[in-house]
Structure formats: structure tokens, C-alpha cells
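Engineer: Pasting in a structure now, in C-alpha cells, and then I'll have a few things to ask.
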Amino acid sequence: MKSFAATLALLGAVLLAYSFTLLPYKNEQAFMQEYLAMRSGQSAEYFALRDAQLTAKYSLQDFGIEALALGILAFAFARKERIQVSSLRSRAAAIGAAVTLPILFVAGYVFDLMQAYERGEFPHWADSMGIPLMGAPVILVLLWLWAFANLGLASCKHRPNQSLGAAFQCRRNWWQLTNAGLWFLMAAIPAMYGQYWYSLPAMGWVYFFLSIGASRTKENSEGPQ
């Protein structure tokens, strides 16, 4: 496990370092010349030009950071003799996670928009950031409501440091497991494209829902089936 984690981190570092040696475009002068000659509304032409001129710089940068982060996380777990992830240590920690995770996810969303602007993913005449940024507070409030609504399903007598595997032992946890599964998909799909700013917060949500399920296991197992 340690060798795999080290290899993954090294690969990420190499990809990241190599990305800094590349320019964003194959011929930046030709790209800018054609771009500046375009008129407002020629978005399709701009995207075609950008796709033709774009190098692998940004893709390598994203995959490099993602691999480096995953390698570091894997190495942290590999240091333990027995890998066993426990649930949140207290109800206060669960509340803290319910507050923090929506902020991290929305921060990733805003980072995505800002990075897209910096990388020239849309032309200057397109109003591509205003409306999405206005939606960020709405998304944040909805995620907070969702997190605390699900936290309310947890046992009032929060049982700390339960193995996350306990969440799978009670059939009444189907709702929490469904949520965890959906967030796992929301982590895996962006990871395929190097979008670590979505994948890493989404994995935090997976842990959050499994942790809630694990904390409810004893109460549910003792209740009527």
C-alpha cells in the first residue's frame, strides 16, 4: 500500500512539474490573432479555435494535482497497521462536518468558474460567470439544509468511533447508503476528468453519510425489525 501511495504521489508530482514546462497554446500568437479578429457572438468559432490550439498543459496540471493529493491521502492511511476508518468522533464533529462540507463543495464550484475564466474557457463577450456565481449562495443554503436534515436522522445518542463498515450492517440505513452512493458517483465522475476540486469534497460527503449510518447502527439493530 505504501509503495502504491508513493508511486501515485510521485506520478502526480511529475505530471504537475511537466505541465509547468508547457505553454497553454501550440501557437499563442496565432491563437490571439484569430481570437481578437472575432466578433461578439462567434462563440462556436472561438471554442473550435481553442480546442485546436490547446496543449495538454491544463489537463496534466489537473491530473497531477489529483494524483498527488490521492497519493498523500493513501500514504496517510498506509502508515497504519490496520486500515479502519471510524465515524465522526462526536455529535459536535458531525455538526461541524454539516457546516463545513457545503462550504468546501461550493468553494470548489467557485474555484471551477474562476479557473475556467483564467484559462480562457469562454470568450470575453460571453457572460459566463455572472449567473453561475449568483447561484453559489443558493447552492450553499440548499446543501446546508440537506446536511442538517440528514443529520437529524442520526441517533440523538451519537455513538463515536464506530467503524464505517457498521453502516452496511443495518437495513434501515438504506437512505444514508443511497446518499453515500450518489456522492461517490459525484466524486468518481469528476475524478475521471481531473476535477479534484469536486472529487475531494464529494468524498467528504461520502464519509459524512456513512458516518451517520454507522452512528445509528446500534439503535436500529435494537429496535423492531
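Chain labels A, B, ... are given in the sequence in which chains occur in the C-alpha cells; within each chain residues are numbered consecutively from 1, and ligands are likewise numbered from 1 in the order shown.
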Could I get the residues of region 51-141 of chain A with an atom no further than 10 Å from an atom of region 202-206 of chain A, each paired with its nearest atom pair and that distance in Å to one decimal, using only C-alpha atoms, sorted by chain and residue number, as a Markdown table?
Structural biologist:
```
| residue | atom | partner | partner_atom | distance |
| --- | --- | --- | --- | --- |
| A:Ala97 | CA | A:Gly204 | CA | 8.6 |
| A:Ala98 | CA | A:Trp205 | CA | 9.0 |
| A:Thr100 | CA | A:Gly204 | CA | 9.7 |
| A:Leu101 | CA | A:Trp205 | CA | 6.8 |
| A:Pro102 | CA | A:Trp205 | CA | 8.9 |
| A:Leu104 | CA | A:Ala202 | CA | 9.1 |
| A:Phe105 | CA | A:Ala202 | CA | 7.2 |
```
Engineer: Extract, using only C-alpha atoms, all DNA, RNA and protein residues at most 10 Å from Ala107 (chain A), discarding same-chain residues fewer than 2 positions from it, and format them as number ranges by chain.
Structural biologist: A: 101-105, 109-113, 136, 140, 197-198, 201
Engineer: One decimal, Å: what's the distance from CA of Tyr35 (chain A) over to CA of Tyr117 (chain A), could you say?
Structural biologist: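 The value is 15.3 Å.
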Engineer: Measuring atom to atom with only C-alpha atoms, identify which of A:Phe47, A:Phe77, A:Trp144, A:Phe63 is nearest to Glu121 (chain A).
Structural biologist: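 Distance minimum relative to Glu121 (chain A) lands on A:Phe47.
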Engineer: What does the distance from CA of Ala5 (chain A) to CA of Phe75 (chain A) come to in Å, to one decimal?
Structural biologist: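 Separation between CA of Ala5 (chain A) and CA of Phe75 (chain A): 5.1 Å.
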